[in-house]
$ cat work22.cif   # mmCIF, C-alpha atoms
data_data
#
loop_
_atom_site.label_atom_id
_atom_site.label_comp_id
_atom_site.auth_asym_id
_atom_site.auth_seq_id
_atom_site.Cartn_x
_atom_site.Cartn_y
_atom_site.Cartn_z
CA MET D 1 109.08 75.48 66.21
CA THR D 2 108.01 75.55 69.84
CA THR D 3 104.92 74.02 71.32
CA SER D 4 102.56 76.62 72.75
CA SER D 5 101.72 76.49 76.44
CA PRO D 6 98.22 75.53 77.53
CA PRO D 7 96.06 78.65 77.84
CA ASP D 8 95.06 78.15 81.46
CA VAL D 9 97.46 77.04 84.19
CA ASP D 10 97.21 76.49 87.91
CA LEU D 11 98.05 79.39 90.19
CA ALA D 12 100.09 77.49 92.76
CA PRO D 13 103.50 77.64 91.08
CA VAL D 14 103.16 81.37 90.49
CA ARG D 15 102.34 82.07 94.13
CA GLY D 16 105.48 80.37 95.23
CA GLN D 17 107.61 82.63 93.05
CA ALA D 18 105.91 85.95 93.68
CA THR D 19 107.11 88.53 96.17
CA THR D 20 104.34 89.51 98.56
CA PRO D 21 103.53 93.20 98.01
CA VAL D 22 102.87 95.58 100.88
CA LEU D 23 99.92 97.97 100.57
CA SER D 24 100.56 101.40 102.08
CA ALA D 25 97.79 103.62 103.41
CA GLY D 26 98.81 106.37 100.99
CA LEU D 27 98.48 104.11 97.96
CA LEU D 28 95.13 102.78 99.18
CA ILE D 29 93.84 106.36 99.44
CA ALA D 30 95.19 107.10 95.96
CA ILE D 31 93.43 104.00 94.58
CA LEU D 32 90.15 105.02 96.21
CA LEU D 33 90.46 108.55 94.80
CA VAL D 34 90.72 107.10 91.30
CA ALA D 35 87.72 104.89 92.05
CA ALA D 36 85.74 107.96 93.14
CA ASN D 37 86.24 109.40 89.65
CA LEU D 38 85.12 106.35 87.65
CA ARG D 39 81.38 107.17 87.74
CA VAL D 40 80.90 110.59 89.33
CA THR D 41 80.94 112.51 86.02
CA LEU D 42 78.50 110.06 84.41
CA THR D 43 75.67 109.33 86.85
CA GLY D 44 74.43 112.90 87.19
CA VAL D 45 73.73 113.22 83.47
CA GLY D 46 70.51 111.19 83.62
CA THR D 47 68.92 113.43 86.23
CA LEU D 48 69.98 116.57 84.35
CA LEU D 49 68.94 115.26 80.93
CA PRO D 50 65.44 116.85 80.90
CA ALA D 51 66.97 120.29 81.55
CA ILE D 52 69.72 119.68 78.97
CA GLU D 53 67.16 118.65 76.33
CA ARG D 54 64.93 121.63 77.16
CA ASP D 55 67.72 124.21 76.96
CA THR D 56 69.65 122.80 73.98
CA GLY D 57 66.81 121.41 71.90
CA LEU D 58 68.27 117.89 71.92
CA THR D 59 65.79 115.18 71.02
CA ALA D 60 65.16 112.22 73.32
CA SER D 61 67.12 110.02 70.91
CA ALA D 62 70.11 112.34 71.06
CA GLY D 63 69.85 112.34 74.83
CA GLY D 64 69.95 108.55 74.74
CA VAL D 65 73.08 108.70 72.60
CA LEU D 66 74.67 111.02 75.18
CA ASN D 67 74.14 108.33 77.83
CA THR D 68 75.42 105.54 75.55
CA VAL D 69 78.63 107.29 74.42
CA PRO D 70 80.55 106.54 77.65
CA LEU D 71 79.89 102.80 77.45
CA LEU D 72 80.91 102.72 73.79
CA MET D 73 84.08 104.69 74.59
CA PHE D 74 84.87 102.22 77.37
CA ALA D 75 84.62 99.37 74.89
CA ALA D 76 86.63 101.16 72.19
CA THR D 77 89.43 102.45 74.45
CA SER D 78 90.04 99.48 76.78
CA PRO D 79 91.92 97.18 74.33
CA PHE D 80 94.62 99.83 73.70
CA VAL D 81 95.40 100.68 77.31
CA GLY D 82 97.85 97.79 77.71
CA ARG D 83 100.08 98.82 74.78
CA VAL D 84 100.11 102.48 75.82
CA SER D 85 100.75 101.55 79.44
CA HIS D 86 103.77 99.51 78.35
CA ARG D 87 105.14 102.47 76.41
CA VAL D 88 104.70 105.19 79.02
CA GLY D 89 104.20 103.31 82.30
CA THR D 90 101.15 102.59 84.44
CA THR D 91 101.54 105.55 86.80
CA ARG D 92 102.31 108.03 84.04
CA LEU D 93 99.33 106.89 81.98
CA LEU D 94 97.06 107.11 85.02
CA VAL D 95 98.24 110.68 85.67
CA VAL D 96 97.60 111.58 82.02
CA ALA D 97 94.14 110.03 82.24
CA LEU D 98 93.28 112.04 85.36
CA ALA D 99 94.45 115.23 83.64
CA ALA D 100 92.32 114.35 80.60
CA LEU D 101 89.37 113.74 82.92
CA VAL D 102 89.77 117.26 84.30
CA VAL D 103 89.88 118.70 80.78
CA GLY D 104 86.96 116.61 79.53
CA THR D 105 84.77 117.54 82.49
CA VAL D 106 85.40 121.24 81.94
CA VAL D 107 84.86 121.04 78.17
CA ARG D 108 81.57 119.18 78.65
CA SER D 109 80.22 121.96 80.85
CA LEU D 110 80.80 124.71 78.26
CA PRO D 111 77.69 126.23 76.62
CA SER D 112 77.86 124.30 73.36
CA ILE D 113 76.27 121.07 72.14
CA ALA D 114 79.53 120.19 70.38
CA CYS D 115 81.42 120.67 73.65
CA LEU D 116 78.81 118.61 75.48
CA PHE D 117 79.53 115.59 73.29
CA ALA D 118 83.26 116.22 72.81
CA GLY D 119 83.80 116.57 76.55
CA THR D 120 81.85 113.36 77.13
CA VAL D 121 84.10 111.50 74.68
CA ILE D 122 87.27 112.83 76.36
CA LEU D 123 86.23 112.08 79.92
CA ALA D 124 84.85 108.64 78.99
CA ALA D 125 88.17 107.68 77.37
CA ALA D 126 89.98 108.86 80.50
CA ILE D 127 87.67 106.82 82.74
CA ALA D 128 88.23 103.76 80.54
CA VAL D 129 91.97 104.03 81.24
CA GLY D 130 91.29 104.14 84.97
CA ASN D 131 88.92 101.17 84.70
CA VAL D 132 91.63 99.05 83.07
CA LEU D 133 94.63 100.21 85.12
CA LEU D 134 93.15 99.90 88.61
CA PRO D 135 93.22 96.06 88.50
CA THR D 136 96.89 96.33 87.44
CA VAL D 137 97.71 98.63 90.36
CA ILE D 138 95.92 96.23 92.70
CA ARG D 139 97.67 93.20 91.19
CA THR D 140 101.03 94.91 91.71
CA HIS D 141 100.63 96.44 95.16
CA VAL D 142 97.97 94.46 97.05
CA PRO D 143 98.71 91.14 98.81
CA GLY D 144 96.66 88.31 97.29
CA PRO D 145 94.39 87.70 100.32
CA ARG D 146 93.40 91.38 100.32
CA VAL D 147 92.50 91.72 96.64
CA HIS D 148 88.77 91.15 97.25
CA THR D 149 88.81 93.58 100.19
CA VAL D 150 90.44 96.38 98.20
CA SER D 151 88.20 95.64 95.19
CA ALA D 152 85.13 95.81 97.44
CA LEU D 153 86.36 99.10 98.92
CA TYR D 154 86.93 100.74 95.56
CA VAL D 155 83.59 99.47 94.19
CA THR D 156 81.90 100.87 97.31
CA VAL D 157 83.59 104.26 96.96
CA MET D 158 82.74 104.30 93.25
CA GLY D 159 79.11 103.47 93.98
CA VAL D 160 78.66 105.88 96.88
CA VAL D 161 80.14 108.83 95.00
CA ALA D 162 78.08 107.91 91.93
CA ALA D 163 74.89 107.83 94.01
CA VAL D 164 75.77 111.18 95.57
CA SER D 165 76.30 112.63 92.10
CA SER D 166 72.86 111.42 91.03
CA GLY D 167 71.29 113.02 94.08
CA VAL D 168 73.03 116.41 94.17
CA SER D 169 73.19 117.25 90.46
CA VAL D 170 69.69 118.72 90.18
CA PRO D 171 69.89 120.68 93.48
CA LEU D 172 73.28 122.05 92.40
CA SER D 173 71.83 123.13 89.05
CA ASP D 174 69.15 125.08 90.97
CA VAL D 175 71.59 127.01 93.18
CA LEU D 176 74.72 127.43 91.05
CA PRO D 177 74.92 130.35 88.61
CA GLY D 178 75.65 128.14 85.61
CA THR D 179 72.57 125.90 86.19
CA TRP D 180 73.10 122.43 84.65
CA HIS D 181 76.44 123.47 83.10
CA SER D 182 77.89 123.99 86.57
CA ALA D 183 76.23 120.84 87.86
CA LEU D 184 77.96 118.84 85.13
CA ALA D 185 81.31 120.34 86.15
CA TRP D 186 81.27 119.79 89.92
CA GLY D 187 83.01 116.40 89.63
CA VAL D 188 86.16 118.18 88.43
CA VAL D 189 86.94 118.87 92.10
CA ILE D 190 87.35 115.14 92.81
CA ALA D 191 89.39 114.67 89.63
CA VAL D 192 91.79 117.45 90.64
CA VAL D 193 92.22 115.94 94.13
CA ALA D 194 93.03 112.55 92.61
CA LEU D 195 95.48 114.13 90.16
CA VAL D 196 97.27 115.91 93.00
CA ALA D 197 97.47 112.63 94.93
CA TRP D 198 99.05 110.78 92.00
CA LEU D 199 101.51 113.40 90.74
CA PRO D 200 104.09 112.70 93.51
CA ARG D 201 103.98 109.00 92.62
CA LEU D 202 105.63 109.74 89.29
CA ARG D 203 108.91 109.94 91.22
CA GLU D 204 108.27 106.60 92.90
CA ALA D 205 107.30 104.73 89.73
CA ARG D 206 108.84 101.30 89.53
CA GLN D 207 109.22 98.96 86.59
CA ASP D 208 106.22 96.90 87.63
CA GLY D 209 104.08 99.71 88.87
CA GLY D 210 104.71 102.88 86.95
CA ALA D 211 107.85 103.18 84.89
CA ARG D 212 108.16 102.07 81.34
CA SER D 213 108.70 98.32 81.15
CA PRO D 214 111.56 97.18 78.92
CA GLY D 215 111.22 94.48 76.29
CA THR D 216 107.76 93.08 75.70
CA HIS D 217 104.26 93.40 77.03
CA ALA D 218 101.49 90.85 77.25
CA ARG D 219 99.25 90.23 74.28
CA THR D 220 95.52 90.41 74.77
CA PRO D 221 94.57 86.80 75.62
CA TRP D 222 91.91 86.33 72.93
CA LYS D 223 92.76 82.59 72.62
CA SER D 224 92.32 81.77 76.30
CA TRP D 225 88.98 80.24 77.25
CA LEU D 226 89.50 81.33 80.86
CA ALA D 227 89.98 84.92 79.66
CA TRP D 228 86.73 84.70 77.70
CA GLN D 229 84.94 83.39 80.78
CA VAL D 230 86.25 86.38 82.76
CA ALA D 231 85.13 88.69 79.91
CA PHE D 232 81.67 87.12 79.59
CA PHE D 233 81.18 87.27 83.36
CA MET D 234 82.14 90.96 83.29
CA GLY D 235 79.86 91.62 80.33
CA LEU D 236 76.79 89.82 81.62
CA GLN D 237 77.23 91.37 85.06
CA SER D 238 77.46 94.82 83.47
CA LEU D 239 74.38 94.13 81.34
CA ALA D 240 72.32 93.06 84.35
CA PHE D 241 73.50 95.96 86.50
CA TYR D 242 73.12 98.75 83.93
CA THR D 243 69.82 97.38 82.64
CA ALA D 244 68.40 97.42 86.16
CA ILE D 245 69.63 100.99 86.61
CA ALA D 246 68.07 102.04 83.29
CA TRP D 247 64.73 100.21 83.37
CA LEU D 248 63.86 99.13 86.93
CA PRO D 249 61.71 102.23 87.64
CA SER D 250 59.84 101.73 84.34
CA ILE D 251 59.27 98.03 85.05
CA LEU D 252 57.94 98.76 88.53
CA GLY D 253 55.82 101.63 87.21
CA GLN D 254 54.10 99.39 84.67
CA GLN D 255 53.39 96.93 87.49
CA GLY D 256 51.54 99.64 89.42
CA THR D 257 54.24 101.17 91.59
CA SER D 258 54.15 104.97 91.92
CA THR D 259 56.93 107.03 90.39
CA ALA D 260 58.25 108.10 93.79
CA SER D 261 58.20 104.54 95.15
CA ALA D 262 59.92 103.22 92.03
CA GLY D 263 62.67 105.79 92.48
CA TRP D 264 63.18 104.73 96.10
CA MET D 265 63.27 101.07 95.03
CA LEU D 266 66.09 101.90 92.62
CA PHE D 267 67.92 103.62 95.46
CA TYR D 268 67.33 100.60 97.70
CA TYR D 269 68.65 98.26 94.99
CA GLN D 270 71.88 100.27 94.74
CA VAL D 271 72.32 100.36 98.53
CA VAL D 272 71.90 96.58 98.78
CA ALA D 273 74.39 96.14 95.93
CA LEU D 274 76.94 98.28 97.76
CA VAL D 275 76.45 96.37 101.02
CA ALA D 276 76.77 93.05 99.18
CA GLY D 277 79.99 94.13 97.51
CA LEU D 278 81.47 95.40 100.75
CA SER D 279 80.51 92.18 102.58
CA LEU D 280 81.83 89.81 99.93
CA PRO D 281 85.40 89.61 101.34
CA LEU D 282 83.96 87.92 104.45
CA LEU D 283 82.92 85.01 102.22
CA THR D 284 86.01 84.93 100.02
CA ARG D 285 88.68 85.42 102.69
CA GLY D 286 91.30 82.70 102.30
CA ARG D 287 89.55 81.22 99.26
CA HIS D 288 91.47 81.17 96.00
CA ASP D 289 88.67 79.24 94.29
CA GLN D 290 85.49 81.34 93.93
CA ARG D 291 83.56 79.15 91.49
CA TYR D 292 80.62 78.44 93.75
CA ILE D 293 80.39 81.96 95.13
CA ALA D 294 80.32 83.49 91.62
CA ALA D 295 77.76 80.98 90.35
CA ALA D 296 75.56 81.41 93.44
CA ALA D 297 75.61 85.23 93.16
CA ALA D 298 74.48 85.02 89.52
CA VAL D 299 71.69 82.55 90.40
CA ILE D 300 70.51 84.94 93.13
CA ALA D 301 70.28 87.71 90.50
CA ALA D 302 68.32 85.36 88.22
CA ALA D 303 65.91 84.68 91.10
CA GLY D 304 65.43 88.42 91.55
CA PHE D 305 64.45 88.92 87.90
CA THR D 306 62.13 85.88 88.09
CA ILE D 307 60.32 87.17 91.18
CA LEU D 308 60.00 90.60 89.58
CA LEU D 309 58.24 88.87 86.65
CA LEU D 310 56.04 86.34 88.45
CA LEU D 311 55.38 88.02 91.81
CA PRO D 312 55.49 91.80 91.29
CA SER D 313 53.90 92.35 94.70
CA LEU D 314 57.20 91.12 96.17
CA ALA D 315 59.20 93.88 94.51
CA VAL D 316 61.17 94.52 97.71
CA VAL D 317 62.28 90.88 97.78
CA ALA D 318 63.15 91.02 94.08
CA CYS D 319 65.23 94.19 94.49
CA THR D 320 66.96 92.71 97.53
CA LEU D 321 67.99 89.62 95.56
CA LEU D 322 69.03 91.72 92.55
CA GLY D 323 71.16 93.94 94.75
CA LEU D 324 72.79 91.00 96.54
CA GLY D 325 73.51 89.11 93.33
CA ASN D 326 74.62 91.97 91.10
CA GLY D 327 76.60 93.71 93.85
CA ALA D 328 78.61 90.56 94.57
CA CYS D 329 79.09 89.84 90.86
CA LEU D 330 80.48 93.33 90.26
CA VAL D 331 83.22 92.90 92.87
CA LEU D 332 84.01 89.40 91.63
CA ALA D 333 84.18 90.53 88.00
CA LEU D 334 86.72 93.23 88.89
CA SER D 335 88.70 90.95 91.20
CA PHE D 336 89.01 88.21 88.57
CA GLN D 337 90.83 90.65 86.29
CA SER D 338 93.62 90.81 88.87
CA GLN D 339 93.52 87.29 90.26
CA ARG D 340 93.47 85.38 86.98
CA ALA D 341 96.59 87.08 85.58
CA THR D 342 100.22 86.08 86.15
CA GLY D 343 101.61 89.60 86.50
CA PRO D 344 100.92 93.33 86.06
CA GLY D 345 101.28 93.31 82.26
CA GLU D 346 99.00 90.31 81.93
CA THR D 347 96.50 91.96 84.28
CA THR D 348 96.34 95.03 82.03
CA ALA D 349 95.83 92.82 78.96
CA LEU D 350 93.12 90.74 80.63
CA ALA D 351 91.36 93.80 82.07
CA GLY D 352 91.42 95.50 78.66
CA MET D 353 89.84 92.47 77.03
CA ALA D 354 87.27 91.91 79.78
CA GLN D 355 86.17 95.53 79.86
CA SER D 356 86.08 95.92 76.09
CA VAL D 357 83.77 92.91 75.76
CA GLY D 358 81.93 93.79 78.95
CA TYR D 359 80.99 97.34 78.09
CA LEU D 360 79.96 96.42 74.54
CA VAL D 361 77.51 93.96 76.04
CA ALA D 362 76.45 96.52 78.66
CA ALA D 363 75.79 99.16 75.99
CA ALA D 364 73.61 96.74 74.02
CA GLY D 365 71.58 95.57 77.03
CA PRO D 366 69.37 98.58 77.83
CA LEU D 367 68.76 99.19 74.12
CA LEU D 368 67.82 95.55 73.46
CA LEU D 369 65.42 95.43 76.38
CA GLY D 370 63.84 98.71 75.32
CA VAL D 371 63.24 97.27 71.84
CA LEU D 372 61.72 94.11 73.35
CA HIS D 373 59.38 96.23 75.46
CA ASP D 374 58.33 98.41 72.54
CA THR D 375 57.74 95.33 70.37
CA THR D 376 55.75 93.28 72.87
CA GLY D 377 54.15 96.04 74.90
CA SER D 378 55.25 94.51 78.21
CA TRP D 379 58.37 93.66 80.21
CA THR D 380 57.72 89.90 80.24
CA ALA D 381 60.11 88.98 77.43
CA ALA D 382 62.77 91.36 78.75
CA LEU D 383 62.63 89.90 82.27
CA LEU D 384 62.71 86.34 80.92
CA LEU D 385 65.79 87.24 78.90
CA LEU D 386 67.48 88.82 81.93
CA ALA D 387 66.77 85.76 84.08
CA GLY D 388 68.15 83.48 81.35
CA LEU D 389 71.28 85.59 80.84
CA SER D 390 71.87 85.61 84.59
CA LEU D 391 71.95 81.81 84.49
CA VAL D 392 74.45 81.99 81.63
CA MET D 393 76.44 84.38 83.84
CA ALA D 394 76.42 81.69 86.54
CA GLY D 395 78.16 79.33 84.12
CA ALA D 396 80.71 81.98 83.15
CA GLY D 397 81.30 82.81 86.81
CA TYR D 398 81.86 79.16 87.65
CA GLY D 399 84.59 79.03 84.99
CA ALA D 400 86.11 82.44 85.78
CA GLY D 401 86.18 81.66 89.50
CA ARG D 402 88.54 78.69 89.11
CA ASP D 403 91.86 78.85 90.93
CA ARG D 404 93.81 79.21 87.69
CA HIS D 405 95.75 81.80 85.69
CA VAL D 406 95.36 83.04 82.14
CA ARG D 407 98.52 82.30 80.18
CA VAL D 408 98.93 84.45 77.06
CA SER D 409 100.16 82.76 73.89
CA GLY D 410 102.91 85.25 73.23
CA GLN D 411 104.33 88.69 73.86
CA GLU D 412 104.41 91.89 71.82
CA PRO D 413 107.39 94.25 71.52
#

$ encode --input "work22.cif" --output "C-alpha cells"
Amino acid sequence: MTTSSPPDVDLAPVRGQATTPVLSAGLLIAILLVAANLRVTLTGVGTLLPAIERDTGLTASAGGVLNTVPLLMFAATSPFVGRVSHRVGTTRLLVVALAALVVGTVVRSLPSIACLFAGTVILAAAIAVGNVLLPTVIRTHVPGPRVHTVSALYVTVMGVVAAVSSGVSVPLSDVLPGTWHSALAWGVVIAVVALVAWLPRLREARQDGGARSPGTHARTPWKSWLAWQVAFFMGLQSLAFYTAIAWLPSILGQQGTSTASAGWMLFYYQVVALVAGLSLPLLTRGRHDQRYIAAAAAVIAAAGFTILLLLPSLAVVACTLLGLGNGACLVLALSFQSQRATGPGETTALAGMAQSVGYLVAAAGPLLLGVLHDTTGSWTAALLLLAGLSLVMAGAGYGAGRDRHVRVSGQEP
C-alpha cells in the first residue's frame, strides 16, 4: 500500500522540469477565435427575449428558463470534458465542439419552440467544452509568464464580442428578413470562422496538445483543498459578475435612476471590467504568487456592492469598483485553472471541476437574489449578501492565488 501524496505541492520543482512552450501568432489567433464564440450566441438572447415571448407565446418564467439553460449545461457538461478529451484529443474535441456550436446555433434559429430550446442545449454544451479546453490549450502552448496576458486577451475578446452581440441583436432583427430568428443565428459566422481556423490543426495535433493521450488521464481533484479554492473563487466570481449583469439595472432603477441611465451604467460596468482584465497582466507580470492581488480585487468588488447599498448617489463610483474588482477576478479565475495544474491533463481536470462548481453557483445567484428581492421588497438583503460573498471570495482568492500546484490523488485509465 502506497502513501498518497499531499494534495498541494510547490510549483518550483515542476518549473525546472518543464519545457518552455513557444506561442505562435497563428495559435494565438485561433485561441482568440474560440474565445469570441464563448458568449456571442448567449448575450443577444436577453435583448431579443421580449420579441421571442411575444411571437411564441412563451411566459416570462419560460423565458427565464431559456436564459438559465446555458449555465446549467455548463455545470453539467464540464466534468466530462476531461475524460472525452483524453479519448479523442484536445484539438479533435475542440473541432467537434465548434461544429456542434454551428449546428446548435442554426437549430436554435428555426421557427419552433422545441428547436429554440434544443438548439440552446446543443450550443451551450459546445461552449462548455470550449470553456474547459481553452485553459488546457493555454497551459500547453503559452509560456508561464504570458499566461495572464493571453487570459486577459481572450477574456477581452470574449467580452467585446458579447457586448457587440447584445447591442446589434435587436437592430439586426429589425432589418433581416427572419426578424429575431435571423438575429439569433448571426453568431454562426464567427463559429464557422473559428472552425475553419482549427481544422488544419488536426494535422498538427501532438500528444500534449491534440492527439489522443496514451495510458491514463488525470482524475478530477475533488480531494484537493487548493482545487476547491480555485473552484469557489471561480464560482463566487461568476455569481457576482452574472448577478450584476442580471440585476444592476433593476437595482439602480429602484434607487431612482432612469431606465436609459441604468442601461448605460451597465454598459459602463462592463467596459470597466474589460479594461481591468486587460490591465491585470501589468500587475501580475513576473509574479507567480497572486494571493494579495486576488484578495484585493474581491475586496474592491465588495466595496462596490457596499457603496451601491449605502450611497446610491455614488452609483458611478460603485460601478467603477464593481467593474475593477469583478473584471480582475474573472481573468484570475481563468488563469488559476492553468497555473495551478501540473500539466495539460491536470489542467483539463481542474478546469472541469472549477467550471462545474462555478456555473452551478452562477446559475443560483440571480435566482436567489430575485427571491430575496421579492420576499423583502427591496435590494438591501441582496446587496448585503453580495458584499458578504465577495469577502468570502477574497478568502478563496487568497488560497487559490498561492504559488502551488494541485496534485491529483490518482489517475484514470

$ resolve_selection --input "work22.cif" --expression "the PyMOL selection byres ((chain D and resi 345) around 9)" --output "PyMOL selection string"
chain D and resi 82+85-86+136+208+217-219+341-344+346-350

$ atom_distance --input "work22.cif" --atom1 "atom CA of Ser24 of chain D" --atom2 "atom CA of Pro135 of chain D"
16.3 Å

$ residues_near_point --input "work22.cif" --point "(77.5, 111.1, 73.0)" --cutoff "12 Å" --atoms "all atoms listed in the file" --output "number ranges by chain"
D: 42, 45, 58, 61-73, 108, 113-124

$ write_last_selection --input "work22.cif" --atoms "C-alpha atoms" --output "short mmCIF file (atom, residue, chain, number, x, y, z; two decimals), keeping the file's coordinate frame"
data_model
loop_
_atom_site.label_atom_id
_atom_site.label_comp_id
_atom_site.auth_asym_id
_atom_site.auth_seq_id
_atom_site.Cartn_x
_atom_site.Cartn_y
_atom_site.Cartn_z
CA LEU D 42 78.50 110.06 84.41
CA VAL D 45 73.73 113.22 83.47
CA LEU D 58 68.27 117.89 71.92
CA SER D 61 67.12 110.02 70.91
CA ALA D 62 70.11 112.34 71.06
CA GLY D 63 69.85 112.34 74.83
CA GLY D 64 69.95 108.55 74.74
CA VAL D 65 73.08 108.70 72.60
CA LEU D 66 74.67 111.02 75.18
CA ASN D 67 74.14 108.33 77.83
CA THR D 68 75.42 105.54 75.55
CA VAL D 69 78.63 107.29 74.42
CA PRO D 70 80.55 106.54 77.65
CA LEU D 71 79.89 102.80 77.45
CA LEU D 72 80.91 102.72 73.79
CA MET D 73 84.08 104.69 74.59
CA ARG D 108 81.57 119.18 78.65
CA ILE D 113 76.27 121.07 72.14
CA ALA D 114 79.53 120.19 70.38
CA CYS D 115 81.42 120.67 73.65
CA LEU D 116 78.81 118.61 75.48
CA PHE D 117 79.53 115.59 73.29
CA ALA D 118 83.26 116.22 72.81
CA GLY D 119 83.80 116.57 76.55
CA THR D 120 81.85 113.36 77.13
CA VAL D 121 84.10 111.50 74.68
CA ILE D 122 87.27 112.83 76.36
CA LEU D 123 86.23 112.08 79.92
CA ALA D 124 84.85 108.64 78.99
#

$ closest_residue --input "work22.cif" --among "D:Val371, D:Ile251, D:Leu330, D:Ala197" --to "Leu33 of chain D" --atoms "only C-alpha atoms"
D:Ala197

$ resolve_selection --input "work22.cif" --expression "the PyMOL selection byres ((chain D and resi 316) around 12)" --output "PyMOL selection string"
chain D and resi 252+257+261-262+264-269+272+304-305+307-308+311-315+317-323

$ resolve_selection --input "work22.cif" --expression "the PyMOL selection byres ((chain D and resi 75) around 6)" --output "list in words"
Leu72, Met73, Phe74, Ala76, Thr77, Ser78, Ser356, Tyr359 and Leu360 of chain D

$ write_last_selection --input "work22.cif" --atoms "C-alpha atoms" --output "PDB file, keeping the file's coordinate frame"
ATOM      1  CA  LEU D  72      80.910 102.720  73.790  1.00  0.00           C
ATOM      2  CA  MET D  73      84.080 104.690  74.590  1.00  0.00           C
ATOM      3  CA  PHE D  74      84.870 102.220  77.370  1.00  0.00           C
ATOM      4  CA  ALA D  76      86.630 101.160  72.190  1.00  0.00           C
ATOM      5  CA  THR D  77      89.430 102.450  74.450  1.00  0.00           C
ATOM      6  CA  SER D  78      90.040  99.480  76.780  1.00  0.00           C
ATOM      7  CA  SER D 356      86.080  95.920  76.090  1.00  0.00           C
ATOM      8  CA  TYR D 359      80.990  97.340  78.090  1.00  0.00           C
ATOM      9  CA  LEU D 360      79.960  96.420  74.540  1.00  0.00           C
TER      10      LEU D 360
END

$ closest_residue --input "work22.cif" --among "D:Arg39, D:Arg201, D:His288, D:His405" --to "Thr90 of chain D" --atoms "only C-alpha atoms"
D:Arg201

$ residues_around --input "work22.cif" --residues "Leu369 of chain D" --least-positions-apart "3" --cutoff "6 Å" --atoms "only C-alpha atoms" --output "ChimeraX atom specification"
/D:366,372,382

$ residues_near_point --input "work22.cif" --point "(89.1, 72.0, 94.6)" --cutoff "12 Å" --atoms "all atoms listed in the file" --output "list in words"
Asp10, Arg287, His288, Asp289, Gln290, Arg291, Tyr292, Gly401, Arg402, Asp403 and Arg404 of chain D

$ residues_around --input "work22.cif" --residues "segment 168-181 of chain D" --least-positions-apart "2" --cutoff "10 Å" --atoms "only C-alpha atoms" --output "mmCIF file with C-alpha atoms, in the coordinates of the input"
data_model
loop_
_atom_site.group_PDB
_atom_site.id
_atom_site.type_symbol
_atom_site.label_atom_id
_atom_site.label_comp_id
_atom_site.auth_asym_id
_atom_site.auth_seq_id
_atom_site.Cartn_x
_atom_site.Cartn_y
_atom_site.Cartn_z
ATOM 1 C CA THR D 43 75.670 109.330 86.850
ATOM 2 C CA GLY D 44 74.430 112.900 87.190
ATOM 3 C CA VAL D 45 73.730 113.220 83.470
ATOM 4 C CA GLY D 46 70.510 111.190 83.620
ATOM 5 C CA THR D 47 68.920 113.430 86.230
ATOM 6 C CA LEU D 48 69.980 116.570 84.350
ATOM 7 C CA LEU D 49 68.940 115.260 80.930
ATOM 8 C CA ALA D 51 66.970 120.290 81.550
ATOM 9 C CA ILE D 52 69.720 119.680 78.970
ATOM 10 C CA ASP D 55 67.720 124.210 76.960
ATOM 11 C CA VAL D 106 85.400 121.240 81.940
ATOM 12 C CA ARG D 108 81.570 119.180 78.650
ATOM 13 C CA SER D 109 80.220 121.960 80.850
ATOM 14 C CA LEU D 110 80.800 124.710 78.260
ATOM 15 C CA PRO D 111 77.690 126.230 76.620
ATOM 16 C CA SER D 112 77.860 124.300 73.360
ATOM 17 C CA LEU D 116 78.810 118.610 75.480
ATOM 18 C CA ALA D 163 74.890 107.830 94.010
ATOM 19 C CA VAL D 164 75.770 111.180 95.570
ATOM 20 C CA SER D 165 76.300 112.630 92.100
ATOM 21 C CA SER D 166 72.860 111.420 91.030
ATOM 22 C CA ALA D 183 76.230 120.840 87.860
ATOM 23 C CA LEU D 184 77.960 118.840 85.130
ATOM 24 C CA ALA D 185 81.310 120.340 86.150
ATOM 25 C CA TRP D 186 81.270 119.790 89.920
ATOM 26 C CA GLY D 187 83.010 116.400 89.630
#

$ atom_distance --input "work22.cif" --atom1 "atom CA of Val129 of chain D" --atom2 "atom CA of Leu199 of chain D"
16.4 Å

$ atom_distance --input "work22.cif" --atom1 "atom CA of Arg340 of chain D" --atom2 "atom CA of Ala297 of chain D"
18.9 Å

$ residues_around --input "work22.cif" --residues "Leu368 of chain D" --least-positions-apart "5" --cutoff "10 Å" --atoms "only C-alpha atoms" --output "list in words"
Thr243, Ala363, His373, Asp374 and Ala382 of chain D

$ write_last_selection --input "work22.cif" --atoms "C-alpha atoms" --output "PDB file, in the coordinates of the input"
ATOM      1  CA  THR D 243      69.820  97.380  82.640  1.00  0.00           C
ATOM      2  CA  ALA D 363      75.790  99.160  75.990  1.00  0.00           C
ATOM      3  CA  HIS D 373      59.380  96.230  75.460  1.00  0.00           C
ATOM      4  CA  ASP D 374      58.330  98.410  72.540  1.00  0.00           C
ATOM      5  CA  ALA D 382      62.770  91.360  78.750  1.00  0.00           C
TER       6      ALA D 382
END

$ closest_residue --input "work22.cif" --among "D:Ser378, D:Ser390, D:Ser238, D:Thr220" --to "Ile300 of chain D" --atoms "only C-alpha atoms"
D:Ser390

$ residues_around --input "work22.cif" --residues "Ala354 of chain D" --least-positions-apart "4" --cutoff "10 Å" --atoms "all atoms listed in the file" --output "PyMOL selection string"
chain D and resi 75+78-79+132+220-222+227-235+333-334+336-337+348-350+358-359

$ closest_residue --input "work22.cif" --among "D:Ala362, D:Leu236, D:Leu202, D:Val147" --to "Val331 of chain D" --atoms "only C-alpha atoms"
D:Val147

$ closest_residue --input "work22.cif" --among "D:Val150, D:Met393, D:Leu248, D:Val192" --to "Ser338 of chain D" --atoms "only C-alpha atoms"
D:Val150

$ axis_aligned_box --input "work22.cif" --around "segment 172-177 of chain D" --padding-each-side "6 Å" --output "JSON"
{"center_x": 72.0, "center_y": 126.2, "center_z": 90.9, "size_x": 17.8, "size_y": 20.3, "size_z": 16.6}

$ closest_residue --input "work22.cif" --among "D:Thr56, D:Thr140, D:Ser151, D:Ser250" --to "Cys329 of chain D" --atoms "all atoms listed in the file"
D:Ser151
